[in-house]
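Since the structure comes first, as structure tokens, the remarks are kept for the end.
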Amino acid sequence: MSMANYTKNSNKEISYAWHNFVEKGIIAEKGLQPIIARSWQRSRNVDTGIDPTHNDLVLSKGSLEEKRADNKELISIAEPIMRDICYMGGDNFVSLSDADGYVFEAVSNVDCPIPLGGTCREEIIGTNGIGLALIEDRLIEIRKYEHYLTFLHESSCAAIPVHNPEGQIIGTINITSPFDDLQPGTAGLLKLGTQVIERQLKWRYSMQKKAESTFSLLKDEIGQYMLVFDQHGRIIDVNKKCINLLRVSREEEIIGVHFLDVVRENNAAGTIIPHPGAKFELVNDLCSIPCKAIKNNIIKSSGDESKTLLLFETVNNSSTINKPTEKLYFTFNNIIGKAQNWSTIVHRAKKAAEVSSNVLIEGESGTGKELIAQAIHTDSGRSGLFVPINCGAIPKELIESELFGYEDGAFTGARKGGLKGKLEMADKGTLFLDEIGEMPLAMQVHLLRFLQDKKVVRIGGTKPKTVDVRIIAATNRDLRKEVQEGRFREDLYFRLNVINIQLPPLRRRTEDISVLVNYFMNKICRELKKPIVDVDIATMNALCSYDWPGNVRELSNIIENAVIFTEGNIMMPEVLPSYIVNYKPMKPVKEKNLKTYEKALILDTLEKCEGNVTKTAKSLGIARNTLYNKLRNL
């Protein structure tokens, strides 16, 4: 029976066939397209009552934006053609999806039953035009009850796959009439539009190949070292001269590496890639190599994508070029986040880097206090080291010697020749006092005196030494309350709190979760030398819904665990801990009830960790001593 004859069947007949199959499992022998019958059978385990607009089936905002960014070229070509098709007549909408069935672009003159970010994969929503076109790799027309979901029984659609020049499916174009049959000739118009799109893709591809071929011939003739980065900062091309400088044996070892893994700016100013004249260090496994940028050109390629060409030369500095690489500190380039409250904090931190005033960073554990402190130090241009000390992890009997050092013979067991304290080590640099709220009152007096005169006297010594140290302190406590209750000196609090930076917990910057998930996933995959994986929609939704009591640190650990146990190229919910997948958000609490909220959070986490204090502290992202103190105060 021809397609034309199938389309003449009444909706009543198709409705009867659908009910007969769903209720009894019987496939109609007549009146039903074989392709639809096969699809129904594959869809047997799909719930016919699914609502495809439900949040569980729709990509998060961040994931949708990434899909659109990855398909910019296709959107730029297809959107004008989609608009022409949409307004040729009738009430309908035209959508563009990727090869996985996710809709990322639509043109409409009616309400769309499938939202942007919605999935049309057959295994998820059953028989539908997009899902079937991806499976059959051809033009598909579906009328009303031929759809498997009851949600789509009023609509009719046609969908056709879009191929790249190599013949691979890269997406589909779909036209849907939500309340009636499609206009006659619509399918043919859709096919013609797709052919136009594929021709444009092929033309752009051929032009790009010609340009790449020419560039490939010329890149090794360039006198300078050359790196080319994509819009995400990943290396996509390199010349032989630079390969030799990086001491890698072949190009494939450096392609895909992020620029932050090989480029360290001497005076980071928030730029992504060094500008002409800027000095930076090229870092490999053996040494750091002083370099100077000669040219930084942004090259527009197909679609809206862009590349950055960096030409540079080495700086003749024999005292540095073979120096082993020191610890690489975070810069503002490493600070990930686009939420408004986070952008404001980064701006404030950059202003703090311009001066030498003391800084107090407040925020829950795991929110990135040390990363912000490192970025301030790096951006400040101070020549000394960034020296961290955790005031809550050192016994109170030892904290004075850790900070101020000691002379030879100062006490039994003292190292011969004495020992520099952290303050001396941080001369001309930055001392980071983490968990400052845990510092004993007696030690606070000594720190206050240092802040007043900037002089260090080692234990057992008498000679003061003046040092130039910038102090950045951090705490997860409410220091104002600690002052009121007599556990922290008020004068020290005012000395430290010249510039105050308050970091929000991850649950208050939810739009950054998907960004951080993808950042950590790519970073960890590179470190573990595993292929980059995609995140399943259900996995991303679970991650975005979780409360993250341990904040960014907990998220990083969870993603590392998930990457390790992911088989294949998609991260599924099964690799996440059950308490994240099954998480039910707690009811919002008022500020005056935060203590009650904290108590409930600690006890709930303690129960999940079966009473194990070490695991509970790690999950909450706090030190064991801090957790013990909080438990005593419950």
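Here, A, B, ... name the chains of the structure tokens in the order displayed, residue numbers run from 1 inside each chain, and ligands are numbered from 1 in the same displayed order.
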What's the 9 Å shell around A:Gly233, counting only C-alpha atoms, without same-chain residues fewer than 5 positions away, as a PDB file with N, CA and C atoms, in the first residue's frame?
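See around-v3.pdb below for the written result:
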ATOM      1  N   VAL A 228      46.828  27.808  18.157  1.00  0.00           N
ATOM      2  CA  VAL A 228      45.491  28.254  17.752  1.00  0.00           C
ATOM      3  C   VAL A 228      44.493  27.675  18.753  1.00  0.00           C
ATOM      4  N   VAL A 257      44.023  20.307  24.626  1.00  0.00           N
ATOM      5  CA  VAL A 257      44.448  20.785  25.942  1.00  0.00           C
ATOM      6  C   VAL A 257      43.996  22.240  26.112  1.00  0.00           C
ATOM      7  N   HIS A 258      43.529  22.592  27.300  1.00  0.00           N
ATOM      8  CA  HIS A 258      43.083  23.963  27.548  1.00  0.00           C
ATOM      9  C   HIS A 258      44.286  24.880  27.739  1.00  0.00           C
ATOM     10  N   PHE A 259      44.139  26.131  27.306  1.00  0.00           N
ATOM     11  CA  PHE A 259      45.285  27.040  27.353  1.00  0.00           C
ATOM     12  C   PHE A 259      45.775  27.264  28.784  1.00  0.00           C
ATOM     13  N   LEU A 260      44.865  27.165  29.776  1.00  0.00           N
ATOM     14  CA  LEU A 260      45.280  27.383  31.157  1.00  0.00           C
ATOM     15  C   LEU A 260      46.243  26.301  31.645  1.00  0.00           C
ATOM     16  N   ILE A 272      41.770  36.326  28.410  1.00  0.00           N
ATOM     17  CA  ILE A 272      41.762  34.882  28.195  1.00  0.00           C
ATOM     18  C   ILE A 272      43.081  34.432  27.584  1.00  0.00           C
ATOM     19  N   ILE A 273      43.532  35.089  26.555  1.00  0.00           N
ATOM     20  CA  ILE A 273      44.775  34.695  25.882  1.00  0.00           C
ATOM     21  C   ILE A 273      45.661  35.942  25.793  1.00  0.00           C
ATOM     22  N   LYS A 307      38.197  31.483  16.148  1.00  0.00           N
ATOM     23  CA  LYS A 307      39.451  30.907  16.612  1.00  0.00           C
ATOM     24  C   LYS A 307      40.366  32.066  16.991  1.00  0.00           C
ATOM     25  N   THR A 308      41.310  31.782  17.852  1.00  0.00           N
ATOM     26  CA  THR A 308      42.309  32.787  18.210  1.00  0.00           C
ATOM     27  C   THR A 308      43.686  32.256  17.848  1.00  0.00           C
TER      28      THR A 308
END
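If you count only C-alpha atoms and ignore residues fewer than 5 places along the chain from A:Arg526, what sits within 9 Å of it is Gly256, Val257, Met521, Pro531 and Ile532 of chain A.
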Could you please take those selected residues and save N, CA and C atoms as a compact mmCIF listing (two decimals), in the first residue's frame?
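Final file, again34.txt:
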# COMPACT_ATOMS: atom_id res chain seq x y z
N GLY A 256 43.46 19.77 22.00
CA GLY A 256 42.40 19.56 22.98
C GLY A 256 42.75 20.02 24.37
N VAL A 257 44.02 20.31 24.63
CA VAL A 257 44.45 20.79 25.94
C VAL A 257 44.00 22.24 26.11
N MET A 521 34.07 18.14 34.45
CA MET A 521 34.07 16.92 33.66
C MET A 521 35.19 16.96 32.61
N PRO A 531 38.25 9.84 27.32
CA PRO A 531 37.51 10.64 26.34
C PRO A 531 36.49 11.55 27.04
N ILE A 532 36.31 12.75 26.47
CA ILE A 532 35.31 13.67 27.03
C ILE A 532 33.93 13.04 26.89
Just list the residues in stretch 103-204 of chain A DSSP gives strand (DSSP E) on the backbone, as a list in words.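 Residues of stretch 103-204 of chain A classed as strand (DSSP E): Val103, Phe104, Glu105, Ala106, Val107, Ser108, Ile140, Glu141, Ile142, Arg143, Ser156, Cys157, Ala158, Ala159, Ile160, Pro161, Val162, His163, Ile169, Ile170, Gly171, Thr172, Ile173, Asn174, Ile175, Thr176 and Ser177 of chain A.
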Nearest to A:Gln183 among A:Cys157, A:Ile35, A:Leu433, A:Ile14, with distances taken over only C-alpha atoms: which residue is it?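 Among the listed residues, A:Cys157 lies closest to A:Gln183.
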Can you list, as a PyMOL selection string, every residue of stretch 135-264 of chain A that DSSP puts in alpha helix (DSSP H)? chain A and resi 135-136+186-219+240-246
For N, CA and C atoms, I'd like the residues from the last selection saved as a CSV table (one decimal), in the first residue's frame.
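Written file, result-v4.csv:
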chain,number,residue,atom,x,y,z
A,135,ILE,N,16.0,7.5,13.4
A,135,ILE,CA,16.2,6.1,13.3
A,135,ILE,C,16.2,5.6,11.8
A,136,GLU,N,15.2,6.1,11.0
A,136,GLU,CA,15.0,5.6,9.7
A,136,GLU,C,15.9,6.4,8.7
A,186,THR,N,3.5,20.3,2.2
A,186,THR,CA,4.4,20.7,3.3
A,186,THR,C,5.7,19.8,3.3
A,187,ALA,N,5.5,18.5,3.2
A,187,ALA,CA,6.6,17.6,3.3
A,187,ALA,C,7.6,17.9,2.2
A,188,GLY,N,7.1,18.1,1.0
A,188,GLY,CA,8.0,18.4,-0.1
A,188,GLY,C,8.8,19.7,0.1
A,189,LEU,N,8.1,20.7,0.7
A,189,LEU,CA,8.8,22.0,1.0
A,189,LEU,C,9.9,21.8,2.0
A,190,LEU,N,9.6,20.9,3.0
A,190,LEU,CA,10.5,20.6,4.0
A,190,LEU,C,11.8,19.9,3.4
A,191,LYS,N,11.5,19.0,2.5
A,191,LYS,CA,12.6,18.3,1.9
A,191,LYS,C,13.5,19.2,1.1
A,192,LEU,N,12.8,20.1,0.3
A,192,LEU,CA,13.6,21.1,-0.5
A,192,LEU,C,14.4,22.0,0.4
A,193,GLY,N,13.8,22.5,1.5
A,193,GLY,CA,14.6,23.4,2.4
A,193,GLY,C,15.8,22.7,3.0
A,194,THR,N,15.6,21.4,3.3
A,194,THR,CA,16.8,20.6,3.9
A,194,THR,C,17.9,20.5,2.9
A,195,GLN,N,17.5,20.3,1.6
A,195,GLN,CA,18.5,20.2,0.6
A,195,GLN,C,19.3,21.5,0.4
A,196,VAL,N,18.6,22.6,0.6
A,196,VAL,CA,19.3,23.9,0.5
A,196,VAL,C,20.3,24.0,1.7
A,197,ILE,N,19.9,23.6,2.9
A,197,ILE,CA,20.7,23.6,4.1
A,197,ILE,C,22.0,22.8,3.9
A,198,GLU,N,21.8,21.6,3.4
A,198,GLU,CA,22.9,20.7,3.2
A,198,GLU,C,23.9,21.2,2.1
A,199,ARG,N,23.3,21.8,1.1
A,199,ARG,CA,24.2,22.4,0.0
A,199,ARG,C,25.1,23.5,0.6
A,200,GLN,N,24.5,24.4,1.5
A,200,GLN,CA,25.2,25.5,2.1
A,200,GLN,C,26.3,24.9,3.1
A,201,LEU,N,25.9,23.9,3.8
A,201,LEU,CA,26.9,23.2,4.7
A,201,LEU,C,28.1,22.7,3.9
A,202,LYS,N,27.8,22.1,2.7
A,202,LYS,CA,28.8,21.5,1.9
A,202,LYS,C,29.7,22.6,1.3
A,203,TRP,N,29.1,23.7,0.9
A,203,TRP,CA,29.9,24.8,0.4
A,203,TRP,C,30.9,25.4,1.4
A,204,ARG,N,30.3,25.6,2.6
A,204,ARG,CA,31.1,26.1,3.7
A,204,ARG,C,32.2,25.2,4.1
A,205,TYR,N,31.9,23.9,4.1
A,205,TYR,CA,32.9,22.9,4.4
A,205,TYR,C,34.0,22.9,3.4
A,206,SER,N,33.7,23.0,2.1
A,206,SER,CA,34.7,23.0,1.1
A,206,SER,C,35.6,24.2,1.2
A,207,MET,N,35.0,25.4,1.5
A,207,MET,CA,35.8,26.6,1.6
A,207,MET,C,36.7,26.5,2.8
A,208,GLN,N,36.2,25.9,3.9
A,208,GLN,CA,36.9,25.8,5.1
A,208,GLN,C,38.1,24.9,4.9
A,209,LYS,N,37.9,23.8,4.2
A,209,LYS,CA,39.0,22.8,3.9
A,209,LYS,C,40.1,23.4,3.1
A,210,LYS,N,39.7,24.3,2.1
A,210,LYS,CA,40.7,24.9,1.3
A,210,LYS,C,41.5,25.9,2.1
A,211,ALA,N,40.8,26.6,3.0
A,211,ALA,CA,41.6,27.5,3.9
A,211,ALA,C,42.5,26.8,4.9
A,212,GLU,N,42.0,25.7,5.4
A,212,GLU,CA,42.8,24.9,6.3
A,212,GLU,C,44.0,24.3,5.6
A,213,SER,N,43.8,23.9,4.4
A,213,SER,CA,44.9,23.3,3.6
A,213,SER,C,46.0,24.3,3.4
A,214,THR,N,45.6,25.5,3.0
A,214,THR,CA,46.6,26.6,2.8
A,214,THR,C,47.3,26.9,4.1
A,215,PHE,N,46.5,27.0,5.2
A,215,PHE,CA,47.1,27.3,6.5
A,215,PHE,C,48.1,26.3,6.9
A,216,SER,N,47.7,25.0,6.7
A,216,SER,CA,48.6,23.9,7.1
A,216,SER,C,49.9,23.9,6.4
A,217,LEU,N,49.9,24.4,5.1
A,217,LEU,CA,51.2,24.5,4.4
A,217,LEU,C,52.0,25.6,4.9
A,218,LEU,N,51.4,26.7,5.4
A,218,LEU,CA,52.1,27.9,5.8
A,218,LEU,C,52.6,27.9,7.2
A,219,LYS,N,51.8,27.2,8.1
A,219,LYS,CA,52.1,27.3,9.6
A,219,LYS,C,53.5,27.0,10.0
A,240,LYS,N,55.1,23.0,14.2
A,240,LYS,CA,56.1,22.1,14.6
A,240,LYS,C,57.1,22.8,15.6
A,241,LYS,N,57.4,24.0,15.4
A,241,LYS,CA,58.3,24.8,16.2
A,241,LYS,C,57.8,24.8,17.7
A,242,CYS,N,56.5,25.0,17.8
A,242,CYS,CA,55.9,25.0,19.1
A,242,CYS,C,55.8,23.6,19.7
A,243,ILE,N,55.6,22.6,18.9
A,243,ILE,CA,55.6,21.2,19.4
A,243,ILE,C,56.9,20.9,20.0
A,244,ASN,N,58.0,21.3,19.4
A,244,ASN,CA,59.4,21.0,19.9
A,244,ASN,C,59.6,21.8,21.2
A,245,LEU,N,59.1,23.0,21.3
A,245,LEU,CA,59.2,23.8,22.5
A,245,LEU,C,58.5,23.2,23.7
A,246,LEU,N,57.3,22.6,23.4
A,246,LEU,CA,56.5,22.0,24.5
A,246,LEU,C,57.1,20.6,24.8
Compare A:Lys72, A:His147, A:Lys12, A:Lys350 by their minimum atom-to-atom distance to A:Thr48, counting only C-alpha atoms, and give me the closest one.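 Using only C-alpha atoms, the shortest distance to A:Thr48 belongs to A:His147.
Atom to atom, atom CA of A:His347 and atom CA of A:Ile335 stand 11.3 Å apart.
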What are the nearest atom pairs, with distances in Å to one decimal, for all residues of stretch 92-137 of chain A that come at most 12 Å from stretch 61-65 of chain A, using only C-alpha atoms, set out by chain and rising residue number as a tab-separated table?
residue	atom	partner	partner_atom	distance
A:Ser97	CA	A:Leu64	CA	11.2
A:Asp98	CA	A:Leu64	CA	11.2
A:Tyr102	CA	A:Leu64	CA	8.8
A:Val103	CA	A:Leu64	CA	8.8
A:Phe104	CA	A:Leu64	CA	6.7
A:Glu105	CA	A:Leu64	CA	9.8
A:Pro115	CA	A:Leu64	CA	11.0
A:Leu116	CA	A:Leu64	CA	7.7
A:Gly117	CA	A:Leu64	CA	5.6
A:Gly118	CA	A:Leu64	CA	9.3
A:Thr119	CA	A:Leu64	CA	11.1
Show which residues sit within 12 Å of A:Gly89, as JSON, numbers by chain. Count only C-alpha atoms, and ignore same-chain residues fewer than 3 positions away. {"A": [83, 84, 85, 86, 92, 93, 108, 109, 175, 177, 182, 183, 184, 185, 186, 189]}
Give me, as a PyMOL selection string, all polymer residues having an atom no more than 7 Å from stretch 554-566 of chain A, counting only C-alpha atoms and skipping those fewer than 6 positions away in the same chain. chain A and resi 517+520-521+524-525+548+575-576+619+621
Can you write out the residues you just picked, keeping N, CA and C atoms, as a PDB file, in the first residue's frame?
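out.pdb, freshly written:
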ATOM      1  N   VAL A 517      29.696  21.737  36.198  1.00  0.00           N
ATOM      2  CA  VAL A 517      29.689  20.310  35.887  1.00  0.00           C
ATOM      3  C   VAL A 517      30.513  20.047  34.634  1.00  0.00           C
ATOM      4  N   PHE A 520      34.363  20.792  35.266  1.00  0.00           N
ATOM      5  CA  PHE A 520      35.045  19.729  36.013  1.00  0.00           C
ATOM      6  C   PHE A 520      35.133  18.446  35.195  1.00  0.00           C
ATOM      7  N   MET A 521      34.073  18.142  34.450  1.00  0.00           N
ATOM      8  CA  MET A 521      34.071  16.925  33.660  1.00  0.00           C
ATOM      9  C   MET A 521      35.189  16.962  32.612  1.00  0.00           C
ATOM     10  N   ILE A 524      38.669  16.841  34.448  1.00  0.00           N
ATOM     11  CA  ILE A 524      38.993  15.528  35.014  1.00  0.00           C
ATOM     12  C   ILE A 524      39.232  14.504  33.907  1.00  0.00           C
ATOM     13  N   CYS A 525      38.452  14.584  32.832  1.00  0.00           N
ATOM     14  CA  CYS A 525      38.677  13.679  31.701  1.00  0.00           C
ATOM     15  C   CYS A 525      40.079  13.875  31.133  1.00  0.00           C
ATOM     16  N   TRP A 548      23.820  20.698  47.505  1.00  0.00           N
ATOM     17  CA  TRP A 548      25.260  20.861  47.596  1.00  0.00           C
ATOM     18  C   TRP A 548      25.729  21.496  48.901  1.00  0.00           C
ATOM     19  N   VAL A 575      25.761   6.560  37.903  1.00  0.00           N
ATOM     20  CA  VAL A 575      27.105   6.765  38.461  1.00  0.00           C
ATOM     21  C   VAL A 575      27.099   7.813  39.571  1.00  0.00           C
ATOM     22  N   LEU A 576      25.933   8.404  39.847  1.00  0.00           N
ATOM     23  CA  LEU A 576      25.820   9.374  40.931  1.00  0.00           C
ATOM     24  C   LEU A 576      25.420   8.667  42.218  1.00  0.00           C
ATOM     25  N   SER A 619      31.710  15.268  53.338  1.00  0.00           N
ATOM     26  CA  SER A 619      30.509  15.560  52.544  1.00  0.00           C
ATOM     27  C   SER A 619      30.083  17.009  52.705  1.00  0.00           C
ATOM     28  N   GLY A 621      32.138  19.365  53.501  1.00  0.00           N
ATOM     29  CA  GLY A 621      33.234  20.224  53.070  1.00  0.00           C
ATOM     30  C   GLY A 621      33.851  21.027  54.190  1.00  0.00           C
TER      31      GLY A 621
END
Within 8 Å of A:Ile537 using only C-alpha atoms, minus same-chain residues under 2 positions, as a compact mmCIF listing (two decimals) with N, CA and C atoms, in the first residue's frame:
# COMPACT_ATOMS: atom_id res chain seq x y z
N ASP A 56 11.80 17.20 33.91
CA ASP A 56 12.70 16.04 33.89
C ASP A 56 13.13 15.67 32.48
N LEU A 57 12.36 16.11 31.47
CA LEU A 57 12.67 15.75 30.10
C LEU A 57 13.22 16.93 29.29
N VAL A 58 13.47 18.04 29.96
CA VAL A 58 13.93 19.25 29.27
C VAL A 58 15.32 19.62 29.78
N LEU A 59 16.21 19.96 28.86
CA LEU A 59 17.56 20.37 29.23
C LEU A 59 17.55 21.58 30.13
N SER A 60 18.50 21.66 31.05
CA SER A 60 18.66 22.85 31.87
C SER A 60 19.08 24.02 30.96
N VAL A 535 26.83 14.65 29.32
CA VAL A 535 26.03 14.43 30.52
C VAL A 535 24.59 14.20 30.12
N THR A 539 20.83 13.09 34.43
CA THR A 539 21.99 13.30 35.30
C THR A 539 22.16 14.78 35.62
N MET A 540 22.09 15.62 34.58
CA MET A 540 22.26 17.06 34.79
C MET A 540 21.14 17.62 35.66
N ASN A 541 19.92 17.17 35.44
CA ASN A 541 18.80 17.66 36.26
C ASN A 541 18.98 17.28 37.72
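The neighbours of A:Asn358 here are the residues that come within 6 Å of it, using only C-alpha atoms and leaving out any residue fewer than 3 positions away in the same chain; they are Ile471, Ile472, Leu496 and Val498 of chain A.
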Please list as a ChimeraX atom specification every residue within 6 Å of stretch 158-167 of chain A, counting only C-alpha atoms and excluding residues in the same chain fewer than 5 positions away. /A:129-130,133,138-141,172-175,202
